[in-house]
Amino acid sequence: MPLFDVRVPAVLLRIDRNPFHHGTLGAVRSLGRAGVEVHVVADCARSPVRASRFLRGLHAPPPPGASDAVVTEVLRKVAARIARPAVLVPMDDAGAVAADRLRGELASSYLLPGPSRTAPEHVADKAELASVCAALDVPHPRTLLPDSPAEAASAAWRLGLPVVAKWSRPWLLPPGSGLRSTVLVRSAREARELHARGTEAGSALLLQEFLPPGENRDWFFHGYADRGGSVRGGGSGRKLRSWPRAAGLTAVGTWTPNPRVRALAEHLTAGLGYRGVLDLDFRLGGAGDYHLLDFNPRPGAQFRLFADGAGLDVVRALHLDLPHRPLPQGRPRPGREFVVENYAPLTALRPAPAGRELAWHAADDPAPGRALRALWSRHVAGRLLDRLPAPRQEPSAGAPRVVRQGGAPLGNGPAAGRPVDDERAGSH
């Protein structure tokens, strides 16, 4: 019997508008190489993903913040075009939360992991995760949930500046708002001003004790909890470089066995009765405890790091398990690297004795790598142009003179450039 049931297609769902989400391409390639028909429901108009030879169909996604009814309608239309049940693979938190909430409406068209005792919506919510960790005795940074801007300022002082600010449900952040899911707040004023944008953000702001990064402190764990609750298809990894630095995605990671991290992941999975793919982020604290920072109920963008000797990864494990196919036992590959070339180009050129997977470039699927070079160059150029100061305007006769200090216009005359508040620069 063939390993994969290629009669069962896969539908990858991503509601977030991120053209450079390399995890989506990793899933397309992983399943496509196995002979599975892969469809993507995502905005890929300016994404290298659309160039992959393993992509069978591309479908328009529901808009960010779409209602359950709209998400259901979009997925049912895709199912009607495919005309047979498919494995649904959410690639972002919004998709994972929607898929779990709509499992009754989608049951006739899609295969999904069995329901967990604790819904993905609760573990993905940054505020509720603190309660989950407390109930299961899992180390977690001290977290406060202020009710007002004034309380946010006070909480920042109590936790000790700097503090980490997170929106509890980051998948609700509106596009174009300039708000980021996680930022480092360095003053009580920043905390107060950020909390005041809660209505715009769509969810509560929480403040968290800052655990400083450092060598060997940032870890992650990927896995798939199968129908019986066993964690398969992943492992523990060490983050060597992130983007943005110290608080962003994994730009360079390595497969590093860590029994303590695995034990925490399995303890969480069992305690929650969780089923499906999970991506956990940990940071080692000063007391030697691994603190859980995030629980993502879907594949992490670097999940392909953990492709073992049998070729099993978390996405393949999901596709094998749901149609009741056996999962192969593969040899782990410690030391293997994963590199996102647009964030760590020099690392991608260095030797990798234990093997390496690149996010975008692949010998058997070269088109996305070529597309990345052109699209990323335009993206970076556009970002640089956005940061250039506005052209200087000479004041008209009789107008009060504008004096500039630190890049910010002062006085009552016309602005002579883009205002910059040095205290807040770069915090969003």
# chains A, B, ... in the order shown; residues from 1 in each chain; ligands from 1
>>> closest_atom_pairs(of="region 195-238 of chain A", to="region 121-142 of chain A", cutoff="12 Å", atoms="only C-alpha atoms", output="JSON lines")
{"residue": "A:Ser203", "atom": "CA", "partner": "A:Asp125", "partner_atom": "CA", "distance": 9.5}
{"residue": "A:Ala204", "atom": "CA", "partner": "A:Ala127", "partner_atom": "CA", "distance": 8.0}
{"residue": "A:Leu205", "atom": "CA", "partner": "A:Ala127", "partner_atom": "CA", "distance": 8.3}
{"residue": "A:Leu206", "atom": "CA", "partner": "A:Ala127", "partner_atom": "CA", "distance": 6.6}
{"residue": "A:Leu207", "atom": "CA", "partner": "A:Arg142", "partner_atom": "CA", "distance": 8.5}
{"residue": "A:Gln208", "atom": "CA", "partner": "A:Arg142", "partner_atom": "CA", "distance": 5.7}
{"residue": "A:Glu209", "atom": "CA", "partner": "A:Arg142", "partner_atom": "CA", "distance": 5.2}
{"residue": "A:Phe210", "atom": "CA", "partner": "A:Pro141", "partner_atom": "CA", "distance": 7.4}
{"residue": "A:Leu211", "atom": "CA", "partner": "A:Pro141", "partner_atom": "CA", "distance": 7.5}
{"residue": "A:Pro212", "atom": "CA", "partner": "A:Pro141", "partner_atom": "CA", "distance": 11.2}
>>> write_last_selection(atoms="C-alpha atoms", output="mmCIF file, in the first residue's frame")
data_model
loop_
_atom_site.group_PDB
_atom_site.id
_atom_site.type_symbol
_atom_site.label_atom_id
_atom_site.label_comp_id
_atom_site.auth_asym_id
_atom_site.auth_seq_id
_atom_site.Cartn_x
_atom_site.Cartn_y
_atom_site.Cartn_z
ATOM 1 C CA SER A 203 -8.651 42.500 21.513
ATOM 2 C CA ALA A 204 -7.180 43.176 24.941
ATOM 3 C CA LEU A 205 -3.617 44.304 25.578
ATOM 4 C CA LEU A 206 -1.559 42.288 28.023
ATOM 5 C CA LEU A 207 1.807 43.151 29.520
ATOM 6 C CA GLN A 208 4.362 40.485 30.248
ATOM 7 C CA GLU A 209 7.599 40.252 32.159
ATOM 8 C CA PHE A 210 10.537 40.575 29.775
ATOM 9 C CA LEU A 211 12.843 37.569 29.748
ATOM 10 C CA PRO A 212 16.065 38.750 28.102
#
>>> residues_around(residues="Gly234 (chain A)", least_positions_apart="4", cutoff="6 Å", atoms="only C-alpha atoms", output="compact mmCIF listing (two decimals) with N, CA and C atoms, in the first residue's frame")
# COMPACT_ATOMS: atom_id res chain seq x y z
N HIS A 222 7.89 21.73 17.60
CA HIS A 222 6.82 21.45 16.64
C HIS A 222 6.43 19.98 16.78
N GLY A 223 5.15 19.73 16.63
CA GLY A 223 4.70 18.35 16.70
C GLY A 223 3.29 18.19 16.16
N PHE A 306 12.06 19.89 10.74
CA PHE A 306 11.92 18.60 11.39
C PHE A 306 11.50 17.49 10.45
>>> select_by_dssp(residues="region 103-228 of chain A", states="strand (DSSP E or B)", output="number ranges by chain")
A: 110-111, 143-144, 163-167, 182-185, 205-209, 218-225
>>> write_last_selection(atoms="C-alpha atoms", output="compact mmCIF listing (two decimals), in the first residue's frame")
# COMPACT_ATOMS: atom_id res chain seq x y z
CA TYR A 110 -13.03 18.46 5.03
CA LEU A 111 -11.04 16.13 7.27
CA THR A 143 1.47 38.53 32.90
CA LEU A 144 -0.88 41.40 33.74
CA VAL A 163 8.05 44.86 29.30
CA VAL A 164 6.56 42.82 26.47
CA ALA A 165 3.19 44.04 25.16
CA LYS A 166 0.96 41.60 23.29
CA TRP A 167 -2.51 41.82 21.79
CA THR A 182 4.16 41.78 20.01
CA VAL A 183 6.34 44.79 20.88
CA LEU A 184 8.88 45.67 23.54
CA VAL A 185 7.62 48.61 25.61
CA LEU A 205 -3.62 44.30 25.58
CA LEU A 206 -1.56 42.29 28.02
CA LEU A 207 1.81 43.15 29.52
CA GLN A 208 4.36 40.49 30.25
CA GLU A 209 7.60 40.25 32.16
CA ASP A 218 15.23 30.72 22.53
CA TRP A 219 13.68 27.35 21.74
CA PHE A 220 10.69 26.01 19.85
CA PHE A 221 8.88 22.72 19.57
CA HIS A 222 6.82 21.45 16.64
CA GLY A 223 4.70 18.35 16.70
CA TYR A 224 1.51 16.63 15.63
CA ALA A 225 -0.77 15.13 18.29
>>> residues_around(residues="Val340 (chain A)", least_positions_apart="6", cutoff="12 Å", atoms="only C-alpha atoms", output="number ranges by chain")
A: 20-23, 25-26, 240-243, 249-253, 301-302, 304-305, 346-349, 356-361, 369, 372
>>> residues_around(residues="Gly355 (chain A)", least_positions_apart="3", cutoff="10 Å", atoms="only C-alpha atoms", output="PyMOL selection string")
chain A and resi 254+305+333-338+351-352
>>> decode(residues="region 320-332 of chain A", atoms="all heavy atoms", output="short mmCIF file (atom, residue, chain, number, x, y, z; two decimals), in the first residue's frame")
data_model
loop_
_atom_site.label_atom_id
_atom_site.label_comp_id
_atom_site.auth_asym_id
_atom_site.auth_seq_id
_atom_site.Cartn_x
_atom_site.Cartn_y
_atom_site.Cartn_z
N LEU A 320 -1.42 11.98 6.80
CA LEU A 320 -1.45 10.53 6.94
C LEU A 320 -2.45 10.07 8.01
O LEU A 320 -3.17 9.09 7.82
CB LEU A 320 -0.04 10.02 7.32
CG LEU A 320 1.01 10.05 6.21
CD1 LEU A 320 2.39 9.84 6.81
CD2 LEU A 320 0.72 8.98 5.16
N ASP A 321 -2.50 10.79 9.11
CA ASP A 321 -3.30 10.35 10.25
C ASP A 321 -4.80 10.47 10.00
O ASP A 321 -5.57 9.57 10.37
CB ASP A 321 -2.90 11.16 11.48
CG ASP A 321 -3.54 10.64 12.76
OD1 ASP A 321 -3.45 9.42 13.01
OD2 ASP A 321 -4.12 11.45 13.49
N LEU A 322 -5.22 11.55 9.38
CA LEU A 322 -6.67 11.78 9.24
C LEU A 322 -7.34 10.74 8.33
O LEU A 322 -8.46 10.30 8.63
CB LEU A 322 -6.93 13.20 8.74
CG LEU A 322 -6.53 14.31 9.73
CD1 LEU A 322 -6.99 15.67 9.22
CD2 LEU A 322 -7.10 14.05 11.12
N PRO A 323 -6.71 10.29 7.23
CA PRO A 323 -7.32 9.18 6.46
C PRO A 323 -6.94 7.80 7.02
O PRO A 323 -7.10 6.79 6.32
CB PRO A 323 -6.73 9.37 5.06
CG PRO A 323 -6.07 10.70 5.05
CD PRO A 323 -5.64 10.94 6.45
N HIS A 324 -6.43 7.74 8.25
CA HIS A 324 -6.11 6.48 8.94
C HIS A 324 -4.99 5.70 8.25
O HIS A 324 -5.04 4.47 8.16
CB HIS A 324 -7.36 5.60 9.07
CG HIS A 324 -8.41 6.21 9.95
ND1 HIS A 324 -8.78 5.69 11.15
CD2 HIS A 324 -9.18 7.33 9.80
CE1 HIS A 324 -9.72 6.43 11.71
NE2 HIS A 324 -9.97 7.45 10.90
N ARG A 325 -3.96 6.43 7.82
CA ARG A 325 -2.75 5.79 7.29
C ARG A 325 -1.70 5.70 8.40
O ARG A 325 -1.62 6.59 9.26
CB ARG A 325 -2.19 6.61 6.13
CG ARG A 325 -3.09 6.65 4.91
CD ARG A 325 -2.81 5.46 4.02
NE ARG A 325 -3.73 5.41 2.90
CZ ARG A 325 -3.41 4.86 1.72
NH1 ARG A 325 -2.21 4.37 1.52
NH2 ARG A 325 -4.30 4.81 0.76
N PRO A 326 -0.87 4.68 8.40
CA PRO A 326 0.17 4.58 9.43
C PRO A 326 1.25 5.64 9.23
O PRO A 326 1.57 6.02 8.10
CB PRO A 326 0.73 3.17 9.24
CG PRO A 326 0.43 2.83 7.82
CD PRO A 326 -0.87 3.52 7.48
N LEU A 327 1.80 6.14 10.33
CA LEU A 327 2.88 7.11 10.27
C LEU A 327 4.21 6.38 10.40
O LEU A 327 4.40 5.59 11.33
CB LEU A 327 2.75 8.13 11.40
CG LEU A 327 1.82 9.33 11.15
CD1 LEU A 327 0.37 8.88 11.01
CD2 LEU A 327 1.94 10.34 12.30
N PRO A 328 5.13 6.61 9.47
CA PRO A 328 6.42 5.90 9.53
C PRO A 328 7.27 6.38 10.70
O PRO A 328 7.15 7.52 11.15
CB PRO A 328 7.06 6.24 8.19
CG PRO A 328 6.49 7.57 7.82
CD PRO A 328 5.07 7.55 8.33
N GLN A 329 8.13 5.51 11.18
CA GLN A 329 9.08 5.86 12.22
C GLN A 329 10.40 6.24 11.54
O GLN A 329 11.10 5.38 11.01
CB GLN A 329 9.30 4.68 13.18
CG GLN A 329 8.10 4.33 14.03
CD GLN A 329 7.88 5.32 15.17
OE1 GLN A 329 8.69 6.20 15.40
NE2 GLN A 329 6.76 5.18 15.86
N GLY A 330 10.72 7.53 11.56
CA GLY A 330 11.93 7.99 10.90
C GLY A 330 13.02 8.32 11.90
O GLY A 330 12.77 8.60 13.07
N ARG A 331 14.26 8.30 11.43
CA ARG A 331 15.40 8.65 12.27
C ARG A 331 15.49 10.16 12.42
O ARG A 331 15.43 10.88 11.43
CB ARG A 331 16.68 8.11 11.62
CG ARG A 331 17.98 8.48 12.32
CD ARG A 331 19.17 7.89 11.56
NE ARG A 331 19.12 8.28 10.16
CZ ARG A 331 19.58 9.45 9.69
NH1 ARG A 331 20.10 10.34 10.53
NH2 ARG A 331 19.53 9.70 8.40
N PRO A 332 15.61 10.69 13.64
CA PRO A 332 15.80 12.14 13.81
C PRO A 332 17.08 12.61 13.11
O PRO A 332 18.01 11.82 12.90
CB PRO A 332 15.90 12.31 15.34
CG PRO A 332 15.27 11.09 15.91
CD PRO A 332 15.56 9.98 14.94
#
